[in-house]
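K.L.:
Below is the structure I would like to discuss, written out as structure tokens.
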Amino acid sequence: MVNLTDIAAEKVHAFMDGQTAASAIGLRVGVKGGGCSGFQYALALDEQRDDDHVFDASGVRVLVDPASMQYVE
């Protein structure tokens with residue numbers, strides 16, 4: 001569903017390694033309404049929630065909430 005380049009995966013792993021609870025976090029991909037230009041994608045390191053869709057992309061746990069999933073697809 002979500003693909004990361006090798007370089008992007010390395011960068012995300014580096015950020016995650018700096019977190020104290022690195023095993024409990026993933027890369028959250030979200031979609032937010034954005035005024036005149038339409039939707040905006042948001043990326044952040046976040047903890048997994050119960051209703052998240054979870055994907056593995058180059059060894060990175062990718063988290064997508066149900067509301068954003070329809071746009072990520």
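The way I read the labels, and the way they are meant: chains A, B, ... in the order of the structure tokens, residue 1 as the first residue of every chain, and ligand 1 as the first ligand shown, with later ones counted on from there.
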Near region 22-36 of chain A, counting only C-alpha atoms, which residues have an atom at most 6 Å away, once you skip same-chain residues fewer than 6 positions from it, shown as a count of residues only?
P.N.:
12
K.L.:
DSSP on the backbone, then: every residue of chain A marked strand (DSSP E), written as a list of chain:residue names.
P.N.:
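Everything in chain A that counts as strand (DSSP E) is A:Ile25, A:Gly26, A:Leu27, A:Arg28, A:Val29, A:Gly30, A:Val31, A:Lys32, A:Gly33, A:Phe39, A:Gln40, A:Tyr41, A:Ala42, A:Leu43, A:Ala44, A:Leu45, A:Asp46, A:Glu47, A:His53, A:Val54, A:Phe55, A:Asp56, A:Ala57, A:Val60, A:Arg61, A:Val62, A:Leu63, A:Val64.
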K.L.:
Write out, as a PDB file, in the first residue's frame, the residues just selected, with C-alpha atoms.
P.N.:
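See out_32.pdb below for the written result:
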ATOM      1  CA  ILE A  25       6.189   3.763  17.220  1.00  0.00           C
ATOM      2  CA  GLY A  26       5.748   3.884  13.482  1.00  0.00           C
ATOM      3  CA  LEU A  27       5.538   6.357  10.631  1.00  0.00           C
ATOM      4  CA  ARG A  28       2.019   7.791  10.598  1.00  0.00           C
ATOM      5  CA  VAL A  29       0.716   8.772   7.170  1.00  0.00           C
ATOM      6  CA  GLY A  30      -2.349  10.973   7.408  1.00  0.00           C
ATOM      7  CA  VAL A  31      -4.474  13.141   5.168  1.00  0.00           C
ATOM      8  CA  LYS A  32      -5.856  16.466   6.360  1.00  0.00           C
ATOM      9  CA  GLY A  33      -8.137  19.005   4.739  1.00  0.00           C
ATOM     10  CA  PHE A  39      -5.841  17.739   0.926  1.00  0.00           C
ATOM     11  CA  GLN A  40      -2.400  17.663   2.511  1.00  0.00           C
ATOM     12  CA  TYR A  41      -0.440  14.587   3.499  1.00  0.00           C
ATOM     13  CA  ALA A  42       1.045  14.575   6.993  1.00  0.00           C
ATOM     14  CA  LEU A  43       3.958  12.394   8.152  1.00  0.00           C
ATOM     15  CA  ALA A  44       4.915  11.934  11.795  1.00  0.00           C
ATOM     16  CA  LEU A  45       6.373   9.398  14.169  1.00  0.00           C
ATOM     17  CA  ASP A  46       3.526   8.178  16.347  1.00  0.00           C
ATOM     18  CA  GLU A  47       2.325   5.286  18.474  1.00  0.00           C
ATOM     19  CA  HIS A  53      -4.146   0.019   9.346  1.00  0.00           C
ATOM     20  CA  VAL A  54      -0.545  -1.165   9.666  1.00  0.00           C
ATOM     21  CA  PHE A  55       1.833  -1.845   6.771  1.00  0.00           C
ATOM     22  CA  ASP A  56       5.475  -2.787   6.511  1.00  0.00           C
ATOM     23  CA  ALA A  57       7.412  -0.650   4.044  1.00  0.00           C
ATOM     24  CA  VAL A  60       9.277   0.575   8.647  1.00  0.00           C
ATOM     25  CA  ARG A  61       5.924   0.192  10.404  1.00  0.00           C
ATOM     26  CA  VAL A  62       3.555   2.531   8.542  1.00  0.00           C
ATOM     27  CA  LEU A  63       0.377   3.567  10.372  1.00  0.00           C
ATOM     28  CA  VAL A  64      -2.730   4.906   8.616  1.00  0.00           C
TER      29      VAL A  64
END
